[in-house]
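Reproduced below: run.txt, with compact mmCIF, C-alpha atoms.
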```
# COMPACT_ATOMS: atom_id res chain seq x y z
CA MET A 1 60.82 85.10 371.56
CA THR A 2 61.14 82.06 373.85
CA ALA A 3 61.37 78.57 372.38
CA PRO A 4 57.81 77.61 373.53
CA ALA A 5 56.44 80.87 372.12
CA ALA A 6 58.26 80.33 368.82
CA LEU A 7 56.88 76.80 368.52
CA ALA A 8 53.35 77.99 369.29
CA ARG A 9 53.72 80.77 366.70
CA ALA A 10 54.98 78.31 364.06
CA PHE A 11 52.05 75.98 364.81
CA ALA A 12 49.57 78.85 364.51
CA ASP A 13 51.08 79.90 361.17
CA GLN A 14 50.77 76.35 359.84
CA MET A 15 47.15 76.01 360.94
CA ALA A 16 46.31 79.37 359.37
CA GLN A 17 47.57 78.00 356.05
CA LEU A 18 46.19 74.48 356.37
CA ALA A 19 42.77 75.02 357.91
CA PRO A 20 41.61 78.64 357.72
CA GLY A 21 38.15 79.05 359.20
CA ALA A 22 38.07 75.61 360.85
CA GLN A 23 35.87 75.35 363.94
CA ARG A 24 36.22 71.70 364.97
CA ILE A 25 39.61 69.98 364.74
CA GLY A 26 40.46 66.41 365.68
CA VAL A 27 43.88 65.27 366.90
CA ALA A 28 45.11 61.69 366.57
CA VAL A 29 47.05 60.95 369.77
CA SER A 30 48.96 57.71 370.35
CA GLY A 31 50.70 58.72 373.56
CA GLY A 32 54.09 59.20 371.90
CA GLY A 33 56.01 62.43 372.16
CA ASP A 34 55.06 63.79 368.75
CA SER A 35 51.31 63.35 369.13
CA MET A 36 51.28 64.51 372.75
CA ALA A 37 53.04 67.73 371.72
CA LEU A 38 50.57 68.07 368.85
CA LEU A 39 47.67 67.78 371.30
CA GLN A 40 49.07 70.43 373.65
CA LEU A 41 49.84 72.83 370.81
CA ALA A 42 46.45 72.29 369.17
CA HIS A 43 44.65 72.85 372.46
CA ALA A 44 46.48 76.13 373.15
CA TRP A 45 45.89 77.29 369.57
CA GLY A 46 42.21 76.33 369.66
CA ALA A 47 41.60 77.94 373.06
CA SER A 48 42.85 81.30 371.80
CA ARG A 49 40.61 81.15 368.70
CA ASP A 50 37.44 79.49 370.01
CA VAL A 51 38.18 76.35 367.97
CA THR A 52 36.96 73.07 369.47
CA ILE A 53 39.66 70.41 369.80
CA LEU A 54 38.82 66.71 370.15
CA ALA A 55 41.25 63.79 370.56
CA ALA A 56 41.15 60.13 369.58
CA THR A 57 43.47 57.20 370.24
CA VAL A 58 43.36 54.10 368.06
CA GLU A 59 43.66 50.82 369.97
CA HIS A 60 44.96 48.11 367.64
CA GLY A 61 44.82 45.38 370.30
CA LEU A 62 48.34 44.24 369.42
CA ARG A 63 50.55 45.46 372.29
CA PRO A 64 50.19 45.16 376.08
CA GLU A 65 51.62 48.67 376.51
CA ALA A 66 48.58 50.18 374.79
CA ALA A 67 46.53 50.44 378.00
CA GLU A 68 49.24 52.51 379.68
CA GLU A 69 49.55 54.75 376.64
CA GLN A 70 45.80 55.34 376.57
CA ALA A 71 45.87 56.27 380.24
CA VAL A 72 48.64 58.82 379.61
CA VAL A 73 46.63 60.36 376.76
CA ALA A 74 43.44 60.37 378.82
CA ALA A 75 45.24 62.12 381.69
CA LEU A 76 46.49 64.93 379.46
CA CYS A 77 43.07 65.30 377.83
CA ALA A 78 41.47 65.59 381.27
CA ARG A 79 44.07 68.19 382.28
CA LEU A 80 43.40 70.22 379.14
CA GLY A 81 39.63 69.69 379.10
CA VAL A 82 39.70 67.94 375.71
CA ALA A 83 37.12 65.26 374.88
CA HIS A 84 38.90 61.95 374.22
CA GLN A 85 37.75 58.73 372.56
CA VAL A 86 39.43 55.35 372.14
CA LEU A 87 38.78 53.77 368.74
CA ARG A 88 39.26 50.00 368.80
CA TRP A 89 40.38 47.88 365.86
CA THR A 90 39.24 44.28 365.84
CA GLY A 91 39.77 43.44 362.18
CA TRP A 92 43.22 41.80 362.11
CA ASP A 93 42.94 38.25 360.73
CA GLY A 94 46.64 37.41 360.86
CA GLN A 95 47.01 37.66 357.09
CA GLY A 96 49.20 39.99 355.02
CA ASN A 97 51.33 42.91 356.13
CA LEU A 98 50.44 43.78 359.72
CA GLN A 99 51.85 47.31 359.65
CA ALA A 100 50.06 48.15 356.41
CA ALA A 101 46.79 46.68 357.67
CA ALA A 102 47.09 48.57 360.96
CA ARG A 103 47.83 51.82 359.15
CA GLU A 104 44.80 51.48 356.88
CA ALA A 105 42.60 50.51 359.82
CA ARG A 106 43.86 53.47 361.84
CA LEU A 107 43.01 55.94 359.08
CA GLY A 108 39.63 54.29 358.52
CA LEU A 109 38.70 54.51 362.20
CA LEU A 110 39.86 58.11 362.43
CA ALA A 111 37.91 59.03 359.28
CA SER A 112 34.74 57.47 360.70
CA TRP A 113 35.30 59.36 363.96
CA ALA A 114 35.80 62.61 362.04
CA ARG A 115 32.52 62.16 360.20
CA ALA A 116 30.63 61.26 363.36
CA GLU A 117 31.98 64.32 365.17
CA ALA A 118 31.54 66.65 362.16
CA LEU A 119 35.22 67.60 362.26
CA ASP A 120 36.67 70.02 359.74
CA ALA A 121 40.00 68.19 359.77
CA VAL A 122 42.14 65.68 361.67
CA CYS A 123 45.71 66.55 362.66
CA LEU A 124 48.47 63.93 362.57
CA GLY A 125 51.74 64.27 364.46
CA HIS A 126 54.30 63.59 361.73
CA THR A 127 57.52 65.58 362.04
CA GLU A 128 60.49 66.61 359.92
CA ASP A 129 62.24 63.44 361.15
CA ASP A 130 59.34 61.31 359.85
CA GLN A 131 59.49 63.14 356.54
CA ALA A 132 63.24 62.54 356.21
CA GLU A 133 62.87 58.85 357.09
CA THR A 134 60.08 58.49 354.52
CA VAL A 135 62.17 60.09 351.78
CA LEU A 136 65.11 57.80 352.52
CA LEU A 137 62.90 54.74 352.77
CA ARG A 138 61.24 55.44 349.44
CA LEU A 139 64.56 56.23 347.84
CA MET A 140 65.79 52.80 348.91
CA ARG A 141 62.68 51.26 347.33
CA GLY A 142 63.30 52.99 344.01
CA SER A 143 60.34 55.36 344.18
CA GLY A 144 59.77 58.03 341.55
CA VAL A 145 58.68 61.62 341.99
CA ASP A 146 55.43 60.75 343.76
CA GLY A 147 57.14 58.56 346.31
CA LEU A 148 59.90 61.06 347.02
CA ALA A 149 57.31 63.82 347.47
CA ALA A 150 56.65 61.88 350.66
CA MET A 151 54.06 63.28 353.07
CA SER A 152 52.00 66.36 352.32
CA ALA A 153 51.01 68.84 354.99
CA ARG A 154 47.41 68.81 353.77
CA ARG A 155 45.53 66.15 351.88
CA ALA A 156 42.01 64.85 351.47
CA GLY A 157 41.17 61.15 351.75
CA GLN A 158 38.35 58.89 352.96
CA GLY A 159 36.06 61.89 353.16
CA THR A 160 38.38 63.60 355.64
CA LEU A 161 40.88 66.46 355.52
CA TRP A 162 44.20 65.33 357.04
CA LEU A 163 46.66 67.90 358.35
CA ARG A 164 50.31 67.55 359.35
CA PRO A 165 51.17 70.89 360.97
CA LEU A 166 54.44 69.63 362.52
CA LEU A 167 56.27 68.61 359.33
CA GLU A 168 58.79 71.41 359.81
CA GLN A 169 59.50 70.56 363.46
CA ARG A 170 62.18 68.22 364.77
CA ARG A 171 61.22 65.36 367.04
CA GLU A 172 63.59 66.52 369.77
CA THR A 173 62.18 70.06 369.65
CA LEU A 174 58.76 68.68 370.49
CA ARG A 175 60.09 66.58 373.35
CA ALA A 176 61.90 69.60 374.77
CA HIS A 177 58.59 71.44 374.62
CA LEU A 178 56.84 68.64 376.52
CA ARG A 179 59.51 68.68 379.20
CA ALA A 180 59.10 72.45 379.58
CA GLU A 181 55.34 71.99 379.93
CA GLY A 182 55.70 69.11 382.41
CA ILE A 183 53.91 66.66 380.09
CA ALA A 184 54.80 62.97 380.11
CA TRP A 185 54.78 60.75 377.05
CA CYS A 186 55.32 57.09 376.18
CA GLU A 187 58.02 55.50 374.04
CA ASP A 188 56.80 52.75 371.71
CA PRO A 189 59.30 49.82 371.94
CA SER A 190 58.78 49.12 368.22
CA ASN A 191 60.51 52.45 367.47
CA ALA A 192 63.79 50.77 368.43
CA ASP A 193 63.12 47.43 366.73
CA PRO A 194 65.53 46.99 363.77
CA ARG A 195 63.16 44.52 362.12
CA PHE A 196 61.18 47.50 360.88
CA ASP A 197 62.38 49.40 357.81
CA ARG A 198 61.65 52.79 359.31
CA VAL A 199 63.83 52.07 362.33
CA ARG A 200 66.71 51.09 360.04
CA MET A 201 66.25 54.34 358.11
CA ARG A 202 66.34 56.28 361.40
CA ARG A 203 69.59 54.60 362.35
CA ALA A 204 71.04 55.23 358.90
CA ILE A 205 70.30 58.95 359.24
CA ASP A 206 72.10 59.01 362.59
CA THR A 207 75.02 56.88 361.43
CA LEU A 208 75.62 58.90 358.27
CA ASP A 209 74.85 62.18 360.02
CA LEU A 210 72.35 63.09 357.31
CA ASP A 211 70.63 66.46 357.48
CA THR A 212 66.89 65.83 358.04
CA GLY A 213 66.15 69.37 356.89
CA ARG A 214 67.82 68.71 353.53
CA LEU A 215 65.90 65.46 353.10
CA ALA A 216 62.65 67.25 353.94
CA GLN A 217 63.64 69.96 351.45
CA THR A 218 63.98 67.23 348.81
CA ALA A 219 60.44 66.11 349.62
CA ARG A 220 59.13 69.65 349.11
CA ALA A 221 60.96 69.94 345.77
CA MET A 222 59.52 66.62 344.63
CA ALA A 223 56.06 67.76 345.71
CA ARG A 224 56.37 70.76 343.38
CA ALA A 225 57.48 68.47 340.56
CA GLN A 226 54.61 66.12 341.37
CA GLU A 227 52.10 68.94 340.98
CA ALA A 228 53.56 70.03 337.64
CA LEU A 229 53.53 66.48 336.29
CA GLY A 230 50.01 65.93 337.57
CA LEU A 231 48.79 69.02 335.74
CA ARG A 232 50.44 67.79 332.55
CA ALA A 233 48.72 64.40 332.86
CA ALA A 234 45.38 66.06 333.64
CA ASP A 235 45.69 68.01 330.38
CA GLU A 236 45.73 64.69 328.51
CA VAL A 237 42.40 63.76 330.08
CA SER A 238 40.88 67.16 329.30
CA ALA A 239 42.06 66.80 325.69
CA GLY A 240 40.05 63.59 325.30
CA HIS A 241 42.96 61.14 325.14
CA VAL A 242 41.53 59.33 328.19
CA ARG A 243 37.89 58.21 328.20
CA PHE A 244 35.66 56.35 330.62
CA GLU A 245 33.21 53.54 329.94
CA TRP A 246 31.22 51.90 332.73
CA GLY A 247 34.07 51.92 335.22
CA ASP A 248 36.74 51.11 332.64
CA VAL A 249 39.42 53.54 331.49
CA LEU A 250 40.22 53.77 327.78
CA LEU A 251 43.55 55.34 326.82
CA ASP A 252 44.58 56.34 323.31
CA ARG A 253 47.46 54.02 322.44
CA ALA A 254 49.14 56.29 319.89
CA ARG A 255 49.01 59.19 322.30
CA LEU A 256 50.47 57.07 325.11
CA ASP A 257 53.36 56.05 322.87
CA ALA A 258 54.01 59.70 321.97
CA LEU A 259 54.03 60.92 325.57
CA ASP A 260 57.09 61.19 327.77
CA ALA A 261 57.46 58.13 329.99
CA GLU A 262 56.66 60.00 333.22
CA THR A 263 53.31 61.31 332.00
CA ARG A 264 52.39 57.99 330.39
CA LEU A 265 53.13 56.01 333.56
CA ARG A 266 51.27 58.57 335.66
CA LEU A 267 48.13 58.12 333.56
CA LEU A 268 48.41 54.33 333.68
CA ALA A 269 48.96 54.37 337.43
CA GLU A 270 45.93 56.56 338.04
CA ALA A 271 43.86 54.31 335.76
CA VAL A 272 44.74 51.36 337.99
CA ARG A 273 43.92 53.25 341.17
CA TRP A 274 40.63 54.57 339.76
CA VAL A 275 39.44 51.21 338.42
CA SER A 276 40.52 49.14 341.42
CA GLY A 277 39.46 51.66 344.04
CA ALA A 278 42.76 51.05 345.81
CA PRO A 279 44.01 53.89 348.03
CA TYR A 280 47.44 53.81 346.41
CA ARG A 281 48.77 53.58 342.89
CA PRO A 282 50.91 50.55 341.94
CA ARG A 283 54.65 50.64 342.36
CA LEU A 284 56.62 52.11 339.52
CA SER A 285 58.52 48.88 338.80
CA SER A 286 55.28 46.86 338.55
CA LEU A 287 53.74 49.44 336.24
CA GLU A 288 56.77 49.49 333.95
CA THR A 289 56.72 45.69 333.73
CA THR A 290 53.01 45.66 332.88
CA TRP A 291 53.45 48.31 330.19
CA GLY A 292 56.25 46.27 328.65
CA ARG A 293 54.03 43.16 328.48
CA LEU A 294 51.20 44.82 326.58
CA GLY A 295 52.86 44.08 323.26
CA THR A 296 52.10 40.38 323.75
CA GLY A 297 48.54 40.61 325.08
CA ALA A 298 46.53 41.40 328.20
CA ALA A 299 48.28 41.87 331.53
CA PRO A 300 46.90 41.96 335.10
CA LEU A 301 47.99 44.44 337.76
CA GLN A 302 46.60 45.22 341.22
CA GLY A 303 43.12 43.82 340.55
CA CYS A 304 42.92 45.34 337.06
CA LEU A 305 43.34 43.98 333.56
CA PHE A 306 45.21 45.87 330.83
CA THR A 307 43.82 44.85 327.43
CA PRO A 308 45.22 46.13 324.10
CA GLU A 309 42.40 47.01 321.72
CA ARG A 310 42.35 48.59 318.29
CA GLY A 311 44.03 51.94 318.84
CA ARG A 312 43.68 51.98 322.61
CA ILE A 313 44.44 50.36 325.94
CA ARG A 314 41.52 49.35 328.14
CA VAL A 315 42.01 49.16 331.92
CA SER A 316 39.14 47.19 333.44
CA ARG A 317 38.43 45.30 336.63
CA GLU A 318 40.00 41.85 336.75
CA LEU A 319 37.38 39.15 337.21
CA ALA A 320 39.36 37.33 339.91
CA ALA A 321 39.47 40.51 342.00
CA VAL A 322 35.68 40.77 342.25
CA ALA A 323 34.58 37.14 341.89
CA ALA A 324 33.79 36.88 345.62
CA GLU A 325 32.20 40.35 345.97
CA VAL A 326 28.58 40.14 347.16
CA ALA A 327 26.42 43.01 348.41
CA PRO A 328 22.71 43.50 349.14
CA LEU A 329 20.73 45.67 346.78
CA GLY A 330 21.31 49.31 347.60
CA ALA A 331 24.66 48.63 349.28
CA LEU A 332 28.08 49.47 347.87
CA TRP A 333 29.56 46.77 345.64
CA ASP A 334 33.32 46.70 345.03
CA GLY A 335 33.53 50.08 346.71
CA ARG A 336 32.30 51.75 343.49
CA TRP A 337 28.76 50.72 342.57
CA GLN A 338 25.47 51.22 344.42
CA ILE A 339 22.54 49.77 342.50
CA SER A 340 18.92 48.97 343.32
CA LEU A 341 15.87 47.78 341.41
CA ARG A 342 13.26 50.38 340.55
CA ASP A 343 10.38 47.95 341.18
CA PRO A 344 10.03 45.01 343.57
CA VAL A 345 10.30 41.48 342.20
CA PRO A 346 7.56 39.33 343.76
CA ASP A 347 9.10 35.98 342.83
CA ALA A 348 12.66 36.93 343.81
CA THR A 349 13.97 35.49 347.05
CA THR A 350 17.40 36.98 347.66
CA PRO A 351 18.27 39.60 345.03
CA GLU A 352 21.85 40.80 345.47
CA LEU A 353 24.75 42.37 343.62
CA ARG A 354 27.38 40.00 342.25
CA VAL A 355 29.79 39.93 339.36
CA LEU A 356 28.23 38.90 336.06
CA GLY A 357 30.90 36.31 335.23
CA ALA A 358 30.96 33.86 332.35
CA GLU A 359 27.85 32.09 333.67
CA GLY A 360 25.91 35.34 333.63
CA VAL A 361 27.08 36.20 330.12
CA THR A 362 25.76 32.83 329.00
CA GLN A 363 22.33 33.69 330.42
CA VAL A 364 22.02 37.21 329.00
CA GLY A 365 23.97 36.73 325.79
CA ARG A 366 26.85 38.78 324.50
CA PRO A 367 25.95 41.82 322.38
CA GLU A 368 27.46 42.11 318.92
CA THR A 369 28.86 45.50 319.85
CA GLY A 370 29.89 46.18 323.40
CA PRO A 371 32.64 45.68 325.91
CA PRO A 372 35.22 42.91 325.54
CA PHE A 373 34.34 39.59 327.15
CA ALA A 374 36.76 39.98 330.08
CA SER A 375 35.47 43.45 330.92
CA LEU A 376 31.84 42.34 330.62
CA CYS A 377 32.40 39.36 332.88
CA ALA A 378 33.78 41.66 335.59
CA SER A 379 30.69 43.89 335.47
CA VAL A 380 28.19 44.13 338.31
CA ALA A 381 24.83 42.41 337.90
CA VAL A 382 21.69 41.83 339.97
CA TRP A 383 21.24 38.15 340.78
CA ASP A 384 18.55 36.10 342.45
CA ARG A 385 20.35 32.90 343.47
CA ASP A 386 21.45 31.42 340.11
CA ARG A 387 19.32 33.72 337.93
CA VAL A 388 20.44 37.08 336.49
CA LEU A 389 17.76 39.72 336.99
CA ALA A 390 19.52 42.75 335.53
CA VAL A 391 22.76 43.91 333.96
CA PRO A 392 22.78 47.72 334.11
CA ARG A 393 25.80 47.96 331.82
CA LEU A 394 23.86 46.29 329.00
CA ASN A 395 20.51 47.82 329.92
CA TRP A 396 19.34 44.22 330.15
CA GLY A 397 16.61 42.80 332.36
CA LEU A 398 14.75 44.63 335.11
CA SER A 399 14.93 48.39 335.45
CA THR A 400 17.66 49.53 337.85
CA ARG A 401 18.68 52.73 339.57
CA ILE A 402 22.38 53.55 339.91
CA ASP A 403 22.91 55.68 343.00
CA THR A 404 26.73 55.51 343.05
CA GLN A 405 29.18 54.80 340.25
CA PRO A 406 32.81 55.63 339.43
CA ASP A 407 33.16 59.38 338.93
CA PRO A 408 35.39 60.43 335.99
CA SER A 409 35.99 63.83 337.59
CA SER A 410 37.80 62.12 340.47
CA PHE A 411 40.35 60.80 337.96
CA ILE A 412 41.54 64.32 337.17
CA SER A 413 41.36 65.53 340.75
CA SER A 414 43.49 62.61 341.93
CA LEU A 415 46.19 63.41 339.38
CA ILE A 416 46.74 66.83 340.92
CA PRO A 417 48.01 66.89 344.51
CA HIS A 418 45.99 69.07 346.87
```

So that I can check it, write out the structure of this file as structure tokens.
Amino acid sequence: MTAPAALARAFADQMAQLAPGAQRIGVAVSGGGDSMALLQLAHAWGASRDVTILAATVEHGLRPEAAEEQAVVAALCARLGVAHQVLRWTGWDGQGNLQAAAREARLGLLASWARAEALDAVCLGHTEDDQAETVLLRLMRGSGVDGLAAMSARRAGQGTLWLRPLLEQRRETLRAHLRAEGIAWCEDPSNADPRFDRVRMRRAIDTLDLDTGRLAQTARAMARAQEALGLRAADEVSAGHVRFEWGDVLLDRARLDALDAETRLRLLAEAVRWVSGAPYRPRLSSLETTWGRLGTGAAPLQGCLFTPERGRIRVSRELAAVAAEVAPLGALWDGRWQISLRDPVPDATTPELRVLGAEGVTQVGRPETGPPFASLCASVAVWDRDRVLAVPRLNWGLSTRIDTQPDPSSFISSLIPH
């Protein structure tokens, strides 16, 4: 079998495992060698199976070379007869980590595109080299099992199925394929910029002559361990040692103390992710520090508040994290709550969703039995200017309808890698 035929066969085998029965597949194409090879392979695979392939390029508006890269992608799409869209990001405000913000924006734009085009999945062009670099990078950062599991070939997120069918292919293999097919690609200058951690990891692999296949093998082994540990943690939830109360997570303190450290930290990490709505769990070092502080009182972490209670640990939203959150009635508040009034309020001018806060608690009063003050203050309420109209958590005030709220079943599903 020729090298191109072997690569096409390997790609087809991966897609058969990752997306059986798919009819519409999206491909994220930057113009680099990996994604251009992904596009060509996906097109050939789709054409032989009557699967529609669509392509999208995310324009971050940060580099002058982007226009040339888009043109290269557009030219290949035209040659292959693949519909191509450019998705433009305009949300960078100059604050925080640019690479992290760009990555989140890229996934968000691609997810929106996937929904609009009714795609079954979106393919990303990560390779074995990317996997090896990720393992080394996370090892340097002191990651645990989850971090070293690195990238999965198939995962769900943001309402989209993400596929990485090239994780077992070397970067140079894909470029050799492009040369054989007469397909040009672009080289991103940032891939040679030593200011970026990933570039330094790439150079370290070359300098130390590390085997990328072995590093990728480590990632697969850690992924298996991750699944086993996730199932163990999920058993704790099913056994009733983890409960849910109006968006808070309540964990049995005695059971946490009795658990092995890995399972305990996994449950705490997922509690933070579930309560905060963050896409990622907190770093292991931060979580260990927070757990150690609980003997002396409440401790904040990643927009959440850990509060020791009688016989349990409560993980609730931190008031400071939602103090500025405002949403119209019926819209999503804090990414977790969608609430509306059942009946119109004639004398209300601008009813909206805001955090209850200490001022709101003063208006409605604090029940003798109920959530702790800090958790109650961080609850969502319906306000009309400076007047509280309703507090669904307390069943206080006007009648409300809750259309979206935190789903306990997602806690278990997130513990187990898919």

Spatial neighbours of Gln40 (chain A), max dist 10 Å, only C-alpha atoms, sep filter under 3 positions, as a PyMOL selection string:
chain A and resi 8+27+35-37+43-46+76-77+80+82+177-178+181+183

Selection above as a file: C-alpha atoms, as a PDB file, in the frame of the given file:
```pdb
ATOM      1  CA  ALA A   8      53.350  77.990 369.290  1.00  0.00           C
ATOM      2  CA  VAL A  27      43.880  65.270 366.900  1.00  0.00           C
ATOM      3  CA  SER A  35      51.310  63.350 369.130  1.00  0.00           C
ATOM      4  CA  MET A  36      51.280  64.510 372.750  1.00  0.00           C
ATOM      5  CA  ALA A  37      53.040  67.730 371.720  1.00  0.00           C
ATOM      6  CA  HIS A  43      44.650  72.850 372.460  1.00  0.00           C
ATOM      7  CA  ALA A  44      46.480  76.130 373.150  1.00  0.00           C
ATOM      8  CA  TRP A  45      45.890  77.290 369.570  1.00  0.00           C
ATOM      9  CA  GLY A  46      42.210  76.330 369.660  1.00  0.00           C
ATOM     10  CA  LEU A  76      46.490  64.930 379.460  1.00  0.00           C
ATOM     11  CA  CYS A  77      43.070  65.300 377.830  1.00  0.00           C
ATOM     12  CA  LEU A  80      43.400  70.220 379.140  1.00  0.00           C
ATOM     13  CA  VAL A  82      39.700  67.940 375.710  1.00  0.00           C
ATOM     14  CA  HIS A 177      58.590  71.440 374.620  1.00  0.00           C
ATOM     15  CA  LEU A 178      56.840  68.640 376.520  1.00  0.00           C
ATOM     16  CA  GLU A 181      55.340  71.990 379.930  1.00  0.00           C
ATOM     17  CA  ILE A 183      53.910  66.660 380.090  1.00  0.00           C
TER      18      ILE A 183
END
```

Env of Arg385 (chain A): 9 Å cut, atoms = all atoms listed in the file, seq-sep filter 3 positions within chain, self excluded. Answer as a list in words.
Ala348, Thr349, Thr350, Pro351, Glu352 and Val388 of chain A

Record the distance separating CA of Ala56 (chain A) and CA of Asp120 (chain A), expressed in Å with one decimal.
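So the answer is 14.7 Å.
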
Enumerate, as an NGL selection string, the protein, DNA and RNA residues whose atoms approach (45.8, 39.8, 330.2) to within 12 Å, taking into account all atoms listed in the file and the coordinate frame of the file.
:A and (290-291 or 293-301 or 303-309 or 313-320 or 372-375)

Go ahead and save the residues from that selection, with C-alpha atoms, as a short mmCIF file (atom, residue, chain, number, x, y, z; two decimals), in the frame of the given file.
```cif
data_model
loop_
_atom_site.label_atom_id
_atom_site.label_comp_id
_atom_site.auth_asym_id
_atom_site.auth_seq_id
_atom_site.Cartn_x
_atom_site.Cartn_y
_atom_site.Cartn_z
CA THR A 290 53.01 45.66 332.88
CA TRP A 291 53.45 48.31 330.19
CA ARG A 293 54.03 43.16 328.48
CA LEU A 294 51.20 44.82 326.58
CA GLY A 295 52.86 44.08 323.26
CA THR A 296 52.10 40.38 323.75
CA GLY A 297 48.54 40.61 325.08
CA ALA A 298 46.53 41.40 328.20
CA ALA A 299 48.28 41.87 331.53
CA PRO A 300 46.90 41.96 335.10
CA LEU A 301 47.99 44.44 337.76
CA GLY A 303 43.12 43.82 340.55
CA CYS A 304 42.92 45.34 337.06
CA LEU A 305 43.34 43.98 333.56
CA PHE A 306 45.21 45.87 330.83
CA THR A 307 43.82 44.85 327.43
CA PRO A 308 45.22 46.13 324.10
CA GLU A 309 42.40 47.01 321.72
CA ILE A 313 44.44 50.36 325.94
CA ARG A 314 41.52 49.35 328.14
CA VAL A 315 42.01 49.16 331.92
CA SER A 316 39.14 47.19 333.44
CA ARG A 317 38.43 45.30 336.63
CA GLU A 318 40.00 41.85 336.75
CA LEU A 319 37.38 39.15 337.21
CA ALA A 320 39.36 37.33 339.91
CA PRO A 372 35.22 42.91 325.54
CA PHE A 373 34.34 39.59 327.15
CA ALA A 374 36.76 39.98 330.08
CA SER A 375 35.47 43.45 330.92
#
```

I need the residue nearest Leu137 (chain A) from this list: A:Arg354, A:Arg154, A:Arg342, A:Arg198. Use all atoms listed in the file for the distance.
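Under the stated criterion, the closest residue is A:Arg198.
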
Pick from A:Leu18, A:Leu38, A:Leu107, A:Ile402 nearest to Pro279 (chain A), counting all atoms listed in the file:
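Between A:Leu18, A:Leu38, A:Leu107, A:Ile402, the residue approaching Pro279 (chain A) most closely is A:Leu107.
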
Shortest interatomic distance to Asp34 (chain A) - which of A:Gln169, A:Gln70, A:Ser48, A:Thr57, counting all atoms listed in the file:
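Once distances to Asp34 (chain A) are computed over all atoms listed in the file, the minimum belongs to A:Gln169.
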
I'd like the interatomic distance between CA of Ala19 (chain A) and CA of Glu168 (chain A), to a tenth of an Å.
16.5 Å
